[in-house]
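For reference, my_file.txt is printed below; it contains compact mmCIF, N, CA and C atoms.
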# COMPACT_ATOMS: atom_id res chain seq x y z
N MET A 1 -11.70 -8.35 -4.10
CA MET A 1 -12.23 -7.22 -3.36
C MET A 1 -13.11 -7.73 -2.20
N ALA A 2 -13.95 -8.72 -2.48
CA ALA A 2 -14.85 -9.22 -1.45
C ALA A 2 -14.07 -9.85 -0.29
N GLU A 3 -13.03 -10.59 -0.61
CA GLU A 3 -12.21 -11.23 0.42
C GLU A 3 -11.51 -10.19 1.29
N ARG A 4 -10.93 -9.16 0.66
CA ARG A 4 -10.27 -8.10 1.43
C ARG A 4 -11.27 -7.34 2.29
N PHE A 5 -12.48 -7.14 1.76
CA PHE A 5 -13.52 -6.47 2.54
C PHE A 5 -13.82 -7.25 3.81
N LYS A 6 -13.97 -8.57 3.68
CA LYS A 6 -14.25 -9.41 4.86
C LYS A 6 -13.11 -9.32 5.87
N GLN A 7 -11.86 -9.34 5.39
CA GLN A 7 -10.72 -9.25 6.29
C GLN A 7 -10.72 -7.91 7.04
N LEU A 8 -10.93 -6.83 6.32
CA LEU A 8 -10.91 -5.51 6.94
C LEU A 8 -12.11 -5.30 7.86
N GLN A 9 -13.23 -5.86 7.50
CA GLN A 9 -14.41 -5.76 8.35
C GLN A 9 -14.16 -6.49 9.67
N GLY A 10 -13.46 -7.63 9.60
CA GLY A 10 -13.09 -8.35 10.82
C GLY A 10 -12.18 -7.53 11.70
N LEU A 11 -11.23 -6.80 11.09
CA LEU A 11 -10.35 -5.92 11.85
C LEU A 11 -11.14 -4.82 12.53
N GLN A 12 -12.13 -4.28 11.84
CA GLN A 12 -12.96 -3.22 12.41
C GLN A 12 -13.66 -3.70 13.66
N ASN A 13 -14.16 -4.91 13.63
CA ASN A 13 -14.86 -5.45 14.80
C ASN A 13 -13.91 -5.61 15.98
N MET A 14 -12.65 -5.91 15.72
CA MET A 14 -11.67 -6.08 16.78
C MET A 14 -11.19 -4.73 17.32
N GLU A 15 -11.35 -3.65 16.54
CA GLU A 15 -10.87 -2.33 16.95
C GLU A 15 -11.51 -1.84 18.24
N LEU A 16 -12.66 -2.36 18.59
CA LEU A 16 -13.33 -1.95 19.81
C LEU A 16 -12.47 -2.22 21.04
N PHE A 17 -11.55 -3.17 20.93
CA PHE A 17 -10.75 -3.60 22.06
C PHE A 17 -9.29 -3.17 21.96
N ARG A 18 -8.94 -2.42 20.95
CA ARG A 18 -7.54 -2.03 20.74
C ARG A 18 -7.42 -0.53 20.52
N GLN A 19 -6.27 0.00 20.92
CA GLN A 19 -6.00 1.40 20.65
C GLN A 19 -5.45 1.59 19.25
N VAL A 20 -4.67 0.61 18.78
CA VAL A 20 -4.03 0.70 17.48
C VAL A 20 -4.29 -0.57 16.69
N THR A 21 -4.62 -0.42 15.42
CA THR A 21 -4.77 -1.56 14.53
C THR A 21 -3.80 -1.36 13.37
N VAL A 22 -3.06 -2.40 13.06
CA VAL A 22 -2.10 -2.35 11.96
C VAL A 22 -2.54 -3.35 10.90
N SER A 23 -2.53 -2.91 9.67
CA SER A 23 -2.89 -3.78 8.55
C SER A 23 -1.86 -3.61 7.45
N ASP A 24 -1.59 -4.67 6.73
CA ASP A 24 -0.66 -4.58 5.61
C ASP A 24 -1.40 -4.31 4.31
N TYR A 25 -2.62 -3.85 4.41
CA TYR A 25 -3.45 -3.68 3.23
C TYR A 25 -4.38 -2.49 3.43
N ILE A 26 -4.48 -1.67 2.43
CA ILE A 26 -5.46 -0.58 2.43
C ILE A 26 -6.46 -0.91 1.31
N PHE A 27 -7.72 -0.76 1.60
CA PHE A 27 -8.76 -1.23 0.68
C PHE A 27 -8.68 -0.56 -0.70
N ILE A 28 -8.27 0.69 -0.74
CA ILE A 28 -8.17 1.40 -2.02
C ILE A 28 -7.23 0.69 -2.98
N LYS A 29 -6.32 -0.12 -2.44
CA LYS A 29 -5.36 -0.85 -3.27
C LYS A 29 -6.08 -1.70 -4.31
N SER A 30 -7.20 -2.30 -3.93
CA SER A 30 -7.93 -3.13 -4.90
C SER A 30 -8.43 -2.29 -6.07
N LEU A 31 -8.88 -1.07 -5.78
CA LEU A 31 -9.36 -0.19 -6.84
C LEU A 31 -8.20 0.27 -7.73
N LEU A 32 -7.05 0.55 -7.12
CA LEU A 32 -5.90 1.00 -7.90
C LEU A 32 -5.41 -0.10 -8.85
N PHE A 33 -5.38 -1.33 -8.37
CA PHE A 33 -5.00 -2.45 -9.24
C PHE A 33 -6.03 -2.65 -10.34
N ALA A 34 -7.30 -2.53 -9.99
CA ALA A 34 -8.36 -2.69 -11.00
C ALA A 34 -8.21 -1.65 -12.10
N LYS A 35 -7.87 -0.44 -11.72
CA LYS A 35 -7.70 0.65 -12.70
C LYS A 35 -6.63 0.30 -13.73
N VAL A 36 -5.58 -0.38 -13.28
CA VAL A 36 -4.47 -0.74 -14.16
C VAL A 36 -4.78 -1.98 -14.99
N THR A 37 -5.54 -2.92 -14.44
CA THR A 37 -5.68 -4.22 -15.09
C THR A 37 -6.99 -4.44 -15.85
N LEU A 38 -8.04 -3.72 -15.51
CA LEU A 38 -9.33 -3.95 -16.16
C LEU A 38 -9.55 -2.99 -17.33
N ASP A 39 -10.38 -3.43 -18.28
CA ASP A 39 -10.73 -2.49 -19.35
C ASP A 39 -11.73 -1.48 -18.79
N ASP A 40 -12.04 -0.44 -19.56
CA ASP A 40 -12.84 0.68 -19.06
C ASP A 40 -14.21 0.27 -18.53
N GLU A 41 -14.90 -0.58 -19.27
CA GLU A 41 -16.24 -0.99 -18.85
C GLU A 41 -16.20 -1.82 -17.56
N GLU A 42 -15.27 -2.76 -17.48
CA GLU A 42 -15.13 -3.57 -16.27
C GLU A 42 -14.74 -2.69 -15.08
N PHE A 43 -13.87 -1.73 -15.34
CA PHE A 43 -13.43 -0.85 -14.25
C PHE A 43 -14.59 -0.01 -13.73
N ARG A 44 -15.44 0.50 -14.59
CA ARG A 44 -16.59 1.29 -14.13
C ARG A 44 -17.49 0.46 -13.21
N LEU A 45 -17.73 -0.80 -13.57
CA LEU A 45 -18.54 -1.68 -12.73
C LEU A 45 -17.83 -1.93 -11.40
N TYR A 46 -16.57 -2.26 -11.47
CA TYR A 46 -15.78 -2.51 -10.26
C TYR A 46 -15.79 -1.28 -9.35
N GLN A 47 -15.62 -0.11 -9.96
CA GLN A 47 -15.57 1.15 -9.22
C GLN A 47 -16.88 1.39 -8.46
N SER A 48 -18.01 1.12 -9.11
CA SER A 48 -19.30 1.36 -8.44
C SER A 48 -19.47 0.41 -7.25
N LEU A 49 -19.05 -0.83 -7.39
CA LEU A 49 -19.10 -1.78 -6.28
C LEU A 49 -18.13 -1.35 -5.17
N PHE A 50 -16.95 -0.94 -5.57
CA PHE A 50 -15.94 -0.53 -4.61
C PHE A 50 -16.44 0.59 -3.72
N TYR A 51 -17.00 1.65 -4.29
CA TYR A 51 -17.41 2.80 -3.50
C TYR A 51 -18.57 2.46 -2.56
N THR A 52 -19.42 1.53 -2.96
CA THR A 52 -20.50 1.08 -2.08
C THR A 52 -19.92 0.36 -0.87
N ILE A 53 -18.97 -0.53 -1.12
CA ILE A 53 -18.35 -1.31 -0.04
C ILE A 53 -17.45 -0.43 0.83
N ASN A 54 -16.68 0.44 0.20
CA ASN A 54 -15.70 1.26 0.92
C ASN A 54 -16.35 2.15 1.98
N GLN A 55 -17.58 2.58 1.74
CA GLN A 55 -18.28 3.44 2.70
C GLN A 55 -18.51 2.74 4.03
N GLN A 56 -18.46 1.42 4.03
CA GLN A 56 -18.72 0.64 5.24
C GLN A 56 -17.47 0.41 6.08
N LEU A 57 -16.31 0.82 5.57
CA LEU A 57 -15.05 0.56 6.26
C LEU A 57 -14.50 1.82 6.92
N THR A 58 -13.87 1.63 8.07
CA THR A 58 -13.16 2.72 8.71
C THR A 58 -11.90 3.01 7.91
N GLN A 59 -11.61 4.27 7.68
CA GLN A 59 -10.43 4.64 6.91
C GLN A 59 -9.22 4.76 7.85
N PRO A 60 -8.05 4.46 7.36
CA PRO A 60 -6.86 4.50 8.22
C PRO A 60 -6.49 5.93 8.62
N ASP A 61 -5.80 6.03 9.75
CA ASP A 61 -5.28 7.32 10.21
C ASP A 61 -3.96 7.65 9.53
N LEU A 62 -3.22 6.60 9.15
CA LEU A 62 -1.90 6.80 8.55
C LEU A 62 -1.63 5.67 7.56
N LEU A 63 -1.13 6.04 6.40
CA LEU A 63 -0.69 5.08 5.39
C LEU A 63 0.83 5.12 5.35
N ILE A 64 1.45 3.96 5.44
CA ILE A 64 2.89 3.86 5.25
C ILE A 64 3.11 3.21 3.89
N TYR A 65 3.70 3.97 2.98
CA TYR A 65 3.93 3.49 1.62
C TYR A 65 5.42 3.18 1.47
N LEU A 66 5.73 1.90 1.31
CA LEU A 66 7.10 1.48 1.10
C LEU A 66 7.38 1.54 -0.39
N HIS A 67 8.23 2.47 -0.79
CA HIS A 67 8.48 2.69 -2.21
C HIS A 67 9.84 2.16 -2.62
N ALA A 68 9.85 1.41 -3.70
CA ALA A 68 11.10 0.92 -4.30
C ALA A 68 11.00 1.10 -5.80
N PRO A 69 12.11 1.41 -6.45
CA PRO A 69 12.09 1.55 -7.91
C PRO A 69 11.83 0.19 -8.57
N VAL A 70 11.38 0.24 -9.80
CA VAL A 70 11.03 -0.97 -10.55
C VAL A 70 12.19 -1.97 -10.57
N ALA A 71 13.40 -1.50 -10.75
CA ALA A 71 14.55 -2.41 -10.79
C ALA A 71 14.67 -3.21 -9.48
N LYS A 72 14.43 -2.56 -8.34
CA LYS A 72 14.47 -3.24 -7.05
C LYS A 72 13.32 -4.24 -6.92
N LEU A 73 12.16 -3.85 -7.42
CA LEU A 73 11.02 -4.77 -7.38
C LEU A 73 11.31 -6.03 -8.20
N GLN A 74 11.91 -5.84 -9.38
CA GLN A 74 12.25 -6.99 -10.21
C GLN A 74 13.30 -7.87 -9.52
N GLU A 75 14.22 -7.25 -8.83
CA GLU A 75 15.23 -8.00 -8.07
C GLU A 75 14.55 -8.85 -6.99
N ASN A 76 13.60 -8.26 -6.28
CA ASN A 76 12.85 -8.99 -5.25
C ASN A 76 12.03 -10.13 -5.85
N ILE A 77 11.45 -9.89 -7.00
CA ILE A 77 10.66 -10.93 -7.68
C ILE A 77 11.56 -12.11 -8.04
N LYS A 78 12.73 -11.83 -8.54
CA LYS A 78 13.67 -12.91 -8.88
C LYS A 78 14.08 -13.69 -7.63
N LYS A 79 14.32 -12.99 -6.52
CA LYS A 79 14.70 -13.66 -5.27
C LYS A 79 13.59 -14.57 -4.76
N ARG A 80 12.33 -14.11 -4.87
CA ARG A 80 11.20 -14.92 -4.39
C ARG A 80 11.03 -16.17 -5.24
N ASN A 81 11.39 -16.05 -6.53
CA ASN A 81 11.38 -17.19 -7.45
C ASN A 81 10.01 -17.86 -7.61
N ARG A 82 8.96 -17.05 -7.60
CA ARG A 82 7.61 -17.58 -7.87
C ARG A 82 7.42 -17.58 -9.39
N SER A 83 7.14 -18.72 -9.94
CA SER A 83 7.09 -18.85 -11.40
C SER A 83 6.09 -17.88 -12.04
N TYR A 84 4.95 -17.68 -11.42
CA TYR A 84 3.91 -16.82 -12.00
C TYR A 84 4.28 -15.34 -11.96
N GLU A 85 5.32 -14.95 -11.22
CA GLU A 85 5.73 -13.55 -11.16
C GLU A 85 6.88 -13.23 -12.12
N GLN A 86 7.58 -14.22 -12.59
CA GLN A 86 8.83 -14.00 -13.31
C GLN A 86 8.68 -13.21 -14.61
N SER A 87 7.51 -13.25 -15.20
CA SER A 87 7.33 -12.56 -16.48
C SER A 87 6.61 -11.22 -16.36
N ILE A 88 6.51 -10.67 -15.15
CA ILE A 88 5.86 -9.37 -14.98
C ILE A 88 6.74 -8.31 -15.63
N PRO A 89 6.20 -7.58 -16.60
CA PRO A 89 7.02 -6.58 -17.29
C PRO A 89 7.24 -5.32 -16.45
N ASP A 90 8.37 -4.67 -16.70
CA ASP A 90 8.68 -3.40 -16.02
C ASP A 90 7.56 -2.39 -16.22
N SER A 91 6.99 -2.36 -17.42
CA SER A 91 5.95 -1.36 -17.72
C SER A 91 4.73 -1.53 -16.82
N TYR A 92 4.37 -2.77 -16.50
CA TYR A 92 3.24 -3.01 -15.60
C TYR A 92 3.57 -2.49 -14.20
N LEU A 93 4.75 -2.82 -13.70
CA LEU A 93 5.16 -2.35 -12.38
C LEU A 93 5.23 -0.82 -12.32
N LYS A 94 5.72 -0.21 -13.37
CA LYS A 94 5.79 1.25 -13.45
C LYS A 94 4.39 1.86 -13.44
N ASN A 95 3.47 1.22 -14.14
CA ASN A 95 2.10 1.70 -14.18
C ASN A 95 1.46 1.62 -12.79
N ILE A 96 1.71 0.53 -12.07
CA ILE A 96 1.20 0.39 -10.70
C ILE A 96 1.81 1.48 -9.81
N GLU A 97 3.12 1.66 -9.92
CA GLU A 97 3.81 2.69 -9.13
C GLU A 97 3.21 4.07 -9.39
N ASP A 98 3.05 4.41 -10.66
CA ASP A 98 2.48 5.72 -11.01
C ASP A 98 1.07 5.89 -10.46
N THR A 99 0.29 4.82 -10.50
CA THR A 99 -1.08 4.86 -9.99
C THR A 99 -1.09 5.09 -8.48
N TYR A 100 -0.21 4.39 -7.76
CA TYR A 100 -0.10 4.60 -6.31
C TYR A 100 0.32 6.04 -6.00
N LEU A 101 1.34 6.50 -6.67
CA LEU A 101 1.86 7.85 -6.38
C LEU A 101 0.84 8.93 -6.72
N THR A 102 0.08 8.73 -7.77
CA THR A 102 -0.99 9.67 -8.11
C THR A 102 -2.04 9.69 -7.00
N TYR A 103 -2.43 8.51 -6.54
CA TYR A 103 -3.41 8.43 -5.46
C TYR A 103 -2.89 9.15 -4.20
N ILE A 104 -1.65 8.84 -3.84
CA ILE A 104 -1.06 9.43 -2.63
C ILE A 104 -0.99 10.95 -2.75
N SER A 105 -0.68 11.46 -3.93
CA SER A 105 -0.55 12.91 -4.09
C SER A 105 -1.89 13.62 -4.07
N GLN A 106 -2.98 12.91 -4.35
CA GLN A 106 -4.29 13.54 -4.42
C GLN A 106 -5.15 13.32 -3.18
N ASP A 107 -4.81 12.34 -2.36
CA ASP A 107 -5.62 12.01 -1.21
C ASP A 107 -5.17 12.81 0.01
N ASN A 108 -6.09 13.06 0.92
CA ASN A 108 -5.78 13.80 2.14
C ASN A 108 -5.24 12.94 3.26
N LEU A 109 -5.15 11.66 3.04
CA LEU A 109 -4.68 10.73 4.05
C LEU A 109 -3.25 11.04 4.47
N ARG A 110 -2.98 11.06 5.78
CA ARG A 110 -1.61 11.23 6.26
C ARG A 110 -0.80 10.05 5.74
N THR A 111 0.29 10.34 5.07
CA THR A 111 1.08 9.30 4.43
C THR A 111 2.55 9.47 4.76
N LEU A 112 3.17 8.37 5.14
CA LEU A 112 4.60 8.31 5.35
C LEU A 112 5.17 7.49 4.20
N VAL A 113 5.92 8.14 3.33
CA VAL A 113 6.53 7.46 2.18
C VAL A 113 7.96 7.10 2.57
N VAL A 114 8.27 5.80 2.53
CA VAL A 114 9.58 5.31 2.93
C VAL A 114 10.29 4.78 1.69
N ASP A 115 11.44 5.35 1.39
CA ASP A 115 12.25 4.86 0.27
C ASP A 115 12.96 3.59 0.76
N VAL A 116 12.58 2.45 0.22
CA VAL A 116 13.16 1.17 0.64
C VAL A 116 14.10 0.60 -0.41
N SER A 117 14.66 1.47 -1.23
CA SER A 117 15.59 1.03 -2.27
C SER A 117 16.74 0.21 -1.70
N ASN A 118 17.21 0.60 -0.52
CA ASN A 118 18.35 -0.08 0.10
C ASN A 118 17.96 -0.83 1.37
N ALA A 119 16.69 -1.09 1.53
CA ALA A 119 16.21 -1.69 2.78
C ALA A 119 16.63 -3.14 2.91
N ASP A 120 16.95 -3.49 4.14
CA ASP A 120 17.22 -4.87 4.52
C ASP A 120 16.67 -5.04 5.93
N PHE A 121 15.37 -5.28 6.02
CA PHE A 121 14.70 -5.34 7.32
C PHE A 121 15.09 -6.57 8.12
N ILE A 122 15.62 -7.57 7.46
CA ILE A 122 16.01 -8.80 8.15
C ILE A 122 17.40 -8.67 8.78
N ASN A 123 18.35 -8.14 8.04
CA ASN A 123 19.74 -8.10 8.50
C ASN A 123 20.19 -6.75 9.06
N ASN A 124 19.34 -5.73 8.97
CA ASN A 124 19.75 -4.41 9.44
C ASN A 124 18.64 -3.81 10.31
N GLU A 125 18.79 -4.00 11.62
CA GLU A 125 17.77 -3.52 12.57
C GLU A 125 17.57 -2.01 12.50
N SER A 126 18.59 -1.28 12.09
CA SER A 126 18.46 0.18 12.04
C SER A 126 17.40 0.61 11.03
N HIS A 127 17.16 -0.20 10.00
CA HIS A 127 16.13 0.14 9.02
C HIS A 127 14.74 0.07 9.67
N VAL A 128 14.52 -0.91 10.50
CA VAL A 128 13.25 -1.01 11.22
C VAL A 128 13.15 0.15 12.22
N GLU A 129 14.24 0.46 12.89
CA GLU A 129 14.26 1.54 13.88
C GLU A 129 13.90 2.89 13.26
N VAL A 130 14.39 3.15 12.06
CA VAL A 130 14.08 4.42 11.39
C VAL A 130 12.57 4.57 11.22
N ILE A 131 11.92 3.49 10.82
CA ILE A 131 10.46 3.54 10.62
C ILE A 131 9.75 3.68 11.96
N LEU A 132 10.17 2.91 12.95
CA LEU A 132 9.54 3.01 14.27
C LEU A 132 9.69 4.41 14.86
N ASN A 133 10.87 5.00 14.71
CA ASN A 133 11.08 6.37 15.18
C ASN A 133 10.20 7.36 14.44
N ALA A 134 10.03 7.15 13.15
CA ALA A 134 9.18 8.04 12.36
C ALA A 134 7.73 7.94 12.82
N LEU A 135 7.31 6.77 13.25
CA LEU A 135 5.92 6.58 13.68
C LEU A 135 5.63 7.29 15.01
N GLU A 136 6.66 7.59 15.76
CA GLU A 136 6.47 8.29 17.03
C GLU A 136 6.21 9.78 16.84
N LYS A 137 6.48 10.29 15.65
CA LYS A 137 6.25 11.70 15.38
C LYS A 137 4.77 11.94 15.13
N ASP A 138 4.33 13.14 15.43
CA ASP A 138 2.93 13.50 15.23
C ASP A 138 2.79 14.17 13.86
N TYR A 139 2.54 13.40 12.86
CA TYR A 139 2.43 13.93 11.51
C TYR A 139 1.08 14.61 11.30
N THR A 140 1.13 15.71 10.61
CA THR A 140 -0.10 16.38 10.21
C THR A 140 -0.53 15.77 8.87
N ALA A 141 -1.62 16.26 8.33
CA ALA A 141 -2.09 15.77 7.04
C ALA A 141 -1.01 15.99 5.99
N GLY A 142 -1.06 15.20 4.97
CA GLY A 142 -0.12 15.34 3.87
C GLY A 142 0.89 14.22 3.83
N ARG A 143 1.90 14.41 3.01
CA ARG A 143 2.91 13.39 2.80
C ARG A 143 4.22 13.76 3.46
N HIS A 144 4.85 12.75 4.05
CA HIS A 144 6.13 12.92 4.70
C HIS A 144 7.05 11.83 4.16
N PHE A 145 8.30 12.16 3.92
CA PHE A 145 9.22 11.24 3.27
C PHE A 145 10.39 10.93 4.19
N ILE A 146 10.78 9.65 4.22
CA ILE A 146 11.99 9.26 4.93
C ILE A 146 12.78 8.29 4.05
N GLU A 147 14.08 8.32 4.25
CA GLU A 147 14.98 7.40 3.56
C GLU A 147 15.70 6.56 4.59
N LEU A 148 15.98 5.34 4.24
CA LEU A 148 16.74 4.46 5.12
C LEU A 148 18.23 4.65 4.88
N PRO A 149 19.03 4.55 5.94
CA PRO A 149 20.49 4.75 5.78
C PRO A 149 21.13 3.62 4.97
Now that the file is in, can you turn its structure into structure tokens?
Amino acid sequence: MAERFKQLQGLQNMELFRQVTVSDYIFIKSLLFAKVTLDDEEFRLYQSLFYTINQQLTQPDLLIYLHAPVAKLQENIKKRNRSYEQSIPDSYLKNIEDTYLTYISQDNLRTLVVDVSNADFINNESHVEVILNALEKDYTAGRHFIELP
């Protein structure tokens, strides 16, 4: 959490000179993972620290959530072939997914949910184009969903 805070704080300082800032990380992610992985007492402590730190950060204007089913995530894990990831159970990934989706459904943050079940951003430029075109739209608050062809 502390390392991500420093990274995001650095981005905030650079925002003075930019119209748009893009990050591959939203700070709430650390809290969502903590909720899934820590026991209740540890989570309460983590949560109190999180909310103190989070107040110091600028919140994003738009969240892009790339969603893939657990089977696709496991496929990607196998392709990456990182030894420490190979034994991640489906139930853990499902729990993370449910936690993210619950957060997204309850938060007022403008969110673009992209179904990436069939995504191939490296070999299929049209998948990137779909997202870029979606970003040009003026989304109001709430959740908006797109699927890749």
What does the distance between atom C of Gln9 of chain A and atom C of Phe27 of chain A come to in Å, to one decimal place?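 These atoms are spaced 13.1 Å apart.
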State, in Å with one decimal place, the distance from atom C of Asp115 of chain A to atom C of Pro89 of chain A. 20.2 Å
Residues within 10 Å of segment 91-100 of chain A, please, as a PyMOL selection string. Count only C-alpha atoms; anything in the same chain fewer than 6 positions from it doesn't count. chain A and resi 28-29+32-33+35-37+65+67-71+73-74
Just to confirm, what's the straight-line distance from atom N of Leu148 of chain A to atom N of Asn81 of chain A in Å (one decimal)? 24.4 Å
DSSP-assigned strand (DSSP E or B) among segment 83-134 of chain A, expressed as a PyMOL selection string: chain A and resi 111-115
Report the residues of segment 31-77 of chain A whose backbone DSSP state falls under alpha helix (DSSP H), written as a PyMOL selection string. chain A and resi 31-37+40-54+70-77
Taking every listed atom of segment 102-109 of chain A and adding 3 Å to each side, what centre and edge lengths in Å (one decimal) does the axis-aligned box have, as JSON?
{"center_x": -3.0, "center_y": 11.1, "center_z": -1.8, "size_x": 12.2, "size_y": 11.4, "size_z": 18.6}
Mind listing as a list in words all residues within 7 Å of (-16.9, -3.4, 4.4), counting all atoms listed in the file? Phe5, Lys6, Leu8, Gln9, Ile53, Asn54, Gln55, Gln56, Leu57 and Thr58 of chain A
Please determine, counting only N, CA and C atoms, which residue among A:Met1, A:Gln86, A:Ser48, A:Pro149 has the shortest atom-to-atom distance to Ala119 of chain A. A:Pro149
Quick one: of A:Ile104, A:Leu62, A:Ile122, A:Leu109, who's nearest to Ala134 of chain A, counting only C-alpha atoms?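 So, comparing all the options, the nearest one is A:Leu62.
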When you look at Arg143 of chain A with a cut-off of 9 Å (counting only C-alpha atoms), what residues show up, excluding the ones that are within fewer than 3 positions of it in the same chain? I need them as a ChimeraX atom specification. /A:104-105,108-113,139-140
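Comparing the minimum interatomic distances between Leu63 of chain A and each of A:Val114, A:Asp120, A:Ile146, A:Asp40, counting only N, CA and C atoms, we find that A:Val114 sits nearest.
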